[in-house]
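Notes to accompany the following structure.
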Amino acid sequence: MINIQRDVTNPPLCLETEKKRELSGKIKDGNYRCDKVIERIKTDFFNKCYICENCKPTSINVEHFRPHKSKNIDLKFSYSNLFFACAHCNNCKSDDFENILDCTNTNEDVENWIDYRIEPMEGVKAEFSISETNKNASWDKARIEETIKLLDRVFNGEHTNIKEIESENLRSLLIEDVSIFYQIIRKFSKNQYHSAEQKEHVDFIKSEIRKDSNFTAFKRSIIKRSPKLKQEFEKYFD
Ligand SMILES: [Zn+2]
């Protein structure tokens with residue numbers, strides 16, 4: 001999970017229209033997934049799920065960050081409450097996690113308050129732990145713990161047979177990505193003499209730690225754990 005800056009001051013007009021239609025009783029269930037919402041939310045969230053950070057998910061949901069539970073019409077049509085998530089994560093979250101960190105709130109440093117870790121080998125679980133080094137006034141242990149609980153369910157879930165398979169598939173993608181990232185980091189760390197190759201390594205690492213990359217939080221955590229890599233690449237965190 002990484003922080004997402006998005007402008008919610010001018011929400012897509014279709015949300016207000018749909019809300020009014022539902023309020024007036026003209027329709028029973030207004031549509032918060034109108035075309036303009038989809039178009040904008042996809043751009044705002046870099047076309048990736050905000051929870052697992054899998055890029056270009058094949059099954060997309062417009063998720064209510066705070067559940068509207070069919071009663072709260074303001075939450076249902078509020079653009080700031082609509083998030084871009086994959087079906088797996090939306091399903092894992094369901095209405096069970098009402099107190100997780102908000103990645104669109106710049107005061108909640110989802111990336112630095114949690115350490116994201118996975119060993120690049122098959123069969124291992126993803127690990128999440130609290131990082132207390134970046135505490136500030138908004139640091140909230142209970143909410144960080146709840147976020148970790150959700151991430152654990154998303155990446156390591158065993159609560160149903162289907163979820164176990166989905167989590168395993170997700171980890172497989174993550175491990176593949178992180179393995180390649182480690183390989184290039186190793187080449188970068190060993191290379192001293194071939195500047196053209198080294199430029200390729202640097203460019204690759206820079207592109208992998210961008211916000212629109214797959215599993216950015218895991219890759220940035222790798223960079224942050226090494227003082228040398230941190231010094232070299234942290235300045236490229238966008
Ligand atoms: Zn997801």
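Residue numbers start at 1 in each chain; chains themselves are named A, B, ... in the order of the structure tokens; ligands are numbered from 1 in the order shown.
Those protein and nucleic acid residues that have any atom within 7 Å of ligand 1 are, using only C-alpha atoms and all ligand atoms, Cys49, Tyr50, Ile51, Cys52, Glu53, Asn54, Ala85, Cys86, Ala87, His88 and Cys89 of chain A.
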Need to verify the contact set: segment 63-69 of chain A, 8 Å, only C-alpha atoms, exclusion of same-chain residues closer than 5 positions in sequence. Can you return it as JSON, numbers by chain?
{"A": [75, 76, 81, 82, 83, 84, 85, 90, 95, 98]}
Convert the current residue selection to file output with N, CA and C atoms, as an mmCIF file, in the first residue's frame.
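File produced: out-v8.cif:
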```cif
data_model
loop_
_atom_site.group_PDB
_atom_site.id
_atom_site.type_symbol
_atom_site.label_atom_id
_atom_site.label_comp_id
_atom_site.auth_asym_id
_atom_site.auth_seq_id
_atom_site.Cartn_x
_atom_site.Cartn_y
_atom_site.Cartn_z
ATOM 1 N N LEU A 75 -22.212 8.466 1.828
ATOM 2 C CA LEU A 75 -21.023 7.614 1.671
ATOM 3 C C LEU A 75 -21.071 6.856 0.345
ATOM 4 N N LYS A 76 -22.248 6.491 -0.061
ATOM 5 C CA LYS A 76 -22.396 5.726 -1.303
ATOM 6 C C LYS A 76 -21.959 6.533 -2.522
ATOM 7 N N ASN A 81 -14.872 8.627 -1.131
ATOM 8 C CA ASN A 81 -15.044 7.322 -0.488
ATOM 9 C C ASN A 81 -14.949 6.170 -1.487
ATOM 10 N N LEU A 82 -14.760 6.502 -2.770
ATOM 11 C CA LEU A 82 -14.684 5.456 -3.794
ATOM 12 C C LEU A 82 -13.226 5.140 -4.122
ATOM 13 N N PHE A 83 -12.854 3.891 -3.964
ATOM 14 C CA PHE A 83 -11.473 3.459 -4.164
ATOM 15 C C PHE A 83 -11.420 2.380 -5.246
ATOM 16 N N PHE A 84 -10.243 2.248 -5.836
ATOM 17 C CA PHE A 84 -10.038 1.289 -6.926
ATOM 18 C C PHE A 84 -9.408 0.018 -6.353
ATOM 19 N N ALA A 85 -10.150 -1.070 -6.377
ATOM 20 C CA ALA A 85 -9.632 -2.308 -5.771
ATOM 21 C C ALA A 85 -9.902 -3.504 -6.676
ATOM 22 N N ASN A 90 -11.250 -6.539 -2.445
ATOM 23 C CA ASN A 90 -12.549 -6.011 -2.032
ATOM 24 C C ASN A 90 -13.305 -7.066 -1.236
ATOM 25 N N ASP A 95 -17.058 -5.878 4.676
ATOM 26 C CA ASP A 95 -17.412 -4.803 5.621
ATOM 27 C C ASP A 95 -16.701 -5.013 6.958
ATOM 28 N N GLU A 98 -13.251 -1.577 9.076
ATOM 29 C CA GLU A 98 -13.719 -0.187 9.006
ATOM 30 C C GLU A 98 -12.692 0.772 9.564
#
```
Find the residues near Thr133 of chain A: any atom within 10 Å, counting only C-alpha atoms, skip ones fewer than 3 places away on the same chain, and give them as a list in words.
Asn112, Trp113, Ile114, Ile130 and Asn136 of chain A
Could you list, as a PyMOL selection string, every residue within 12 Å of Glu122 of chain A, counting only C-alpha atoms and ignoring same-chain residues fewer than 6 positions away?
chain A and resi 168-176+178-179
Test item, alpha helix (DSSP H) assignment across segment 25-184 of chain A, answer as a PyMOL selection string
chain A and resi 35-44+73-77+87-93+141-156+161-184
Applying 10 Å and only C-alpha atoms, which residues near Lys219 of chain A remain after dropping the ones on its own chain fewer than 4 positions away? List them as number ranges by chain.
A: 116-118, 177-178, 181-182, 205, 208-210, 213-215, 223-224
Go ahead and write the selection's residues with N, CA and C atoms as a PDB file, in the first residue's frame.
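For reference, result-v8.pdb as written:
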```
ATOM      1  N   TYR A 116       6.977  -4.007   4.572  1.00  0.00           N
ATOM      2  CA  TYR A 116       6.435  -5.043   3.681  1.00  0.00           C
ATOM      3  C   TYR A 116       7.574  -5.960   3.282  1.00  0.00           C
ATOM      4  N   ARG A 117       7.372  -7.256   3.454  1.00  0.00           N
ATOM      5  CA  ARG A 117       8.498  -8.158   3.208  1.00  0.00           C
ATOM      6  C   ARG A 117       8.050  -9.502   2.636  1.00  0.00           C
ATOM      7  N   ILE A 118       8.801  -9.975   1.659  1.00  0.00           N
ATOM      8  CA  ILE A 118       8.596 -11.371   1.208  1.00  0.00           C
ATOM      9  C   ILE A 118       9.939 -11.890   0.708  1.00  0.00           C
ATOM     10  N   ASP A 177       7.952 -10.928  -9.307  1.00  0.00           N
ATOM     11  CA  ASP A 177       8.356  -9.532  -9.459  1.00  0.00           C
ATOM     12  C   ASP A 177       9.531  -9.172  -8.547  1.00  0.00           C
ATOM     13  N   VAL A 178       9.415  -9.589  -7.285  1.00  0.00           N
ATOM     14  CA  VAL A 178      10.448  -9.258  -6.297  1.00  0.00           C
ATOM     15  C   VAL A 178      11.754  -9.992  -6.628  1.00  0.00           C
ATOM     16  N   PHE A 181      13.480  -8.060  -9.246  1.00  0.00           N
ATOM     17  CA  PHE A 181      13.961  -6.814  -8.626  1.00  0.00           C
ATOM     18  C   PHE A 181      15.270  -7.080  -7.858  1.00  0.00           C
ATOM     19  N   TYR A 182      15.292  -8.172  -7.076  1.00  0.00           N
ATOM     20  CA  TYR A 182      16.510  -8.530  -6.330  1.00  0.00           C
ATOM     21  C   TYR A 182      17.687  -8.813  -7.281  1.00  0.00           C
ATOM     22  N   ILE A 205      15.573  -0.077 -11.752  1.00  0.00           N
ATOM     23  CA  ILE A 205      15.212   0.071 -10.329  1.00  0.00           C
ATOM     24  C   ILE A 205      14.310   1.304 -10.143  1.00  0.00           C
ATOM     25  N   GLU A 208      10.811   0.555 -11.190  1.00  0.00           N
ATOM     26  CA  GLU A 208      10.123  -0.401 -10.304  1.00  0.00           C
ATOM     27  C   GLU A 208       9.675   0.218  -8.986  1.00  0.00           C
ATOM     28  N   ILE A 209      10.287   1.336  -8.606  1.00  0.00           N
ATOM     29  CA  ILE A 209       9.900   1.947  -7.324  1.00  0.00           C
ATOM     30  C   ILE A 209       8.954   3.136  -7.522  1.00  0.00           C
ATOM     31  N   ARG A 210       8.516   3.320  -8.768  1.00  0.00           N
ATOM     32  CA  ARG A 210       7.522   4.366  -9.021  1.00  0.00           C
ATOM     33  C   ARG A 210       6.162   3.924  -8.501  1.00  0.00           C
ATOM     34  N   SER A 213       4.078   1.305 -10.383  1.00  0.00           N
ATOM     35  CA  SER A 213       4.644  -0.029 -10.584  1.00  0.00           C
ATOM     36  C   SER A 213       3.862  -1.077  -9.777  1.00  0.00           C
ATOM     37  N   ASN A 214       4.064  -2.337 -10.131  1.00  0.00           N
ATOM     38  CA  ASN A 214       3.496  -3.446  -9.366  1.00  0.00           C
ATOM     39  C   ASN A 214       4.140  -3.519  -7.974  1.00  0.00           C
ATOM     40  N   PHE A 215       3.362  -3.718  -6.939  1.00  0.00           N
ATOM     41  CA  PHE A 215       3.873  -4.011  -5.592  1.00  0.00           C
ATOM     42  C   PHE A 215       4.950  -3.010  -5.124  1.00  0.00           C
ATOM     43  N   ILE A 223      14.469  -1.360  -0.640  1.00  0.00           N
ATOM     44  CA  ILE A 223      15.406  -0.235  -0.772  1.00  0.00           C
ATOM     45  C   ILE A 223      15.695   0.392   0.601  1.00  0.00           C
ATOM     46  N   LYS A 224      14.653   0.570   1.399  1.00  0.00           N
ATOM     47  CA  LYS A 224      14.808   1.266   2.684  1.00  0.00           C
ATOM     48  C   LYS A 224      15.590   0.454   3.708  1.00  0.00           C
TER      49      LYS A 224
END
```
Distance query segment 13-20 of chain A at most 7 Å, only C-alpha atoms, self and fewer than 4 positions along chain excluded, as a list in words
Ser24, Gly30, Asn31, Tyr32, Cys34 and Phe77 of chain A
Just to be explicit: take each residue in the selection above, keep N, CA and C atoms, and write the result as a PDB file, in the first residue's frame.
```pdb
ATOM      1  N   SER A  24     -34.818  10.917  -4.923  1.00  0.00           N
ATOM      2  CA  SER A  24     -36.182  11.292  -5.344  1.00  0.00           C
ATOM      3  C   SER A  24     -37.087  10.073  -5.512  1.00  0.00           C
ATOM      4  N   GLY A  30     -29.105   3.926  -7.307  1.00  0.00           N
ATOM      5  CA  GLY A  30     -28.303   4.799  -8.177  1.00  0.00           C
ATOM      6  C   GLY A  30     -26.946   4.178  -8.487  1.00  0.00           C
ATOM      7  N   ASN A  31     -26.415   4.571  -9.649  1.00  0.00           N
ATOM      8  CA  ASN A  31     -25.157   3.961 -10.092  1.00  0.00           C
ATOM      9  C   ASN A  31     -23.938   4.835  -9.728  1.00  0.00           C
ATOM     10  N   TYR A  32     -23.101   4.361  -8.792  1.00  0.00           N
ATOM     11  CA  TYR A  32     -21.893   5.124  -8.424  1.00  0.00           C
ATOM     12  C   TYR A  32     -20.698   4.714  -9.304  1.00  0.00           C
ATOM     13  N   CYS A  34     -20.481   5.122 -12.592  1.00  0.00           N
ATOM     14  CA  CYS A  34     -20.709   5.711 -13.913  1.00  0.00           C
ATOM     15  C   CYS A  34     -19.364   5.859 -14.652  1.00  0.00           C
ATOM     16  N   PHE A  77     -22.284   7.859  -2.533  1.00  0.00           N
ATOM     17  CA  PHE A  77     -21.996   8.659  -3.729  1.00  0.00           C
ATOM     18  C   PHE A  77     -20.855   9.661  -3.527  1.00  0.00           C
TER      19      PHE A  77
END
```
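Counting only C-alpha atoms, Ile144 of chain A has the following residues at most 10 Å away, ignoring those fewer than 6 positions along the same chain: Asn99, Ile100, Leu101, Glu108, Asp109, Val110, Trp113, Ile114, Ser129, Ile130, Ser131 and Leu150 of chain A.
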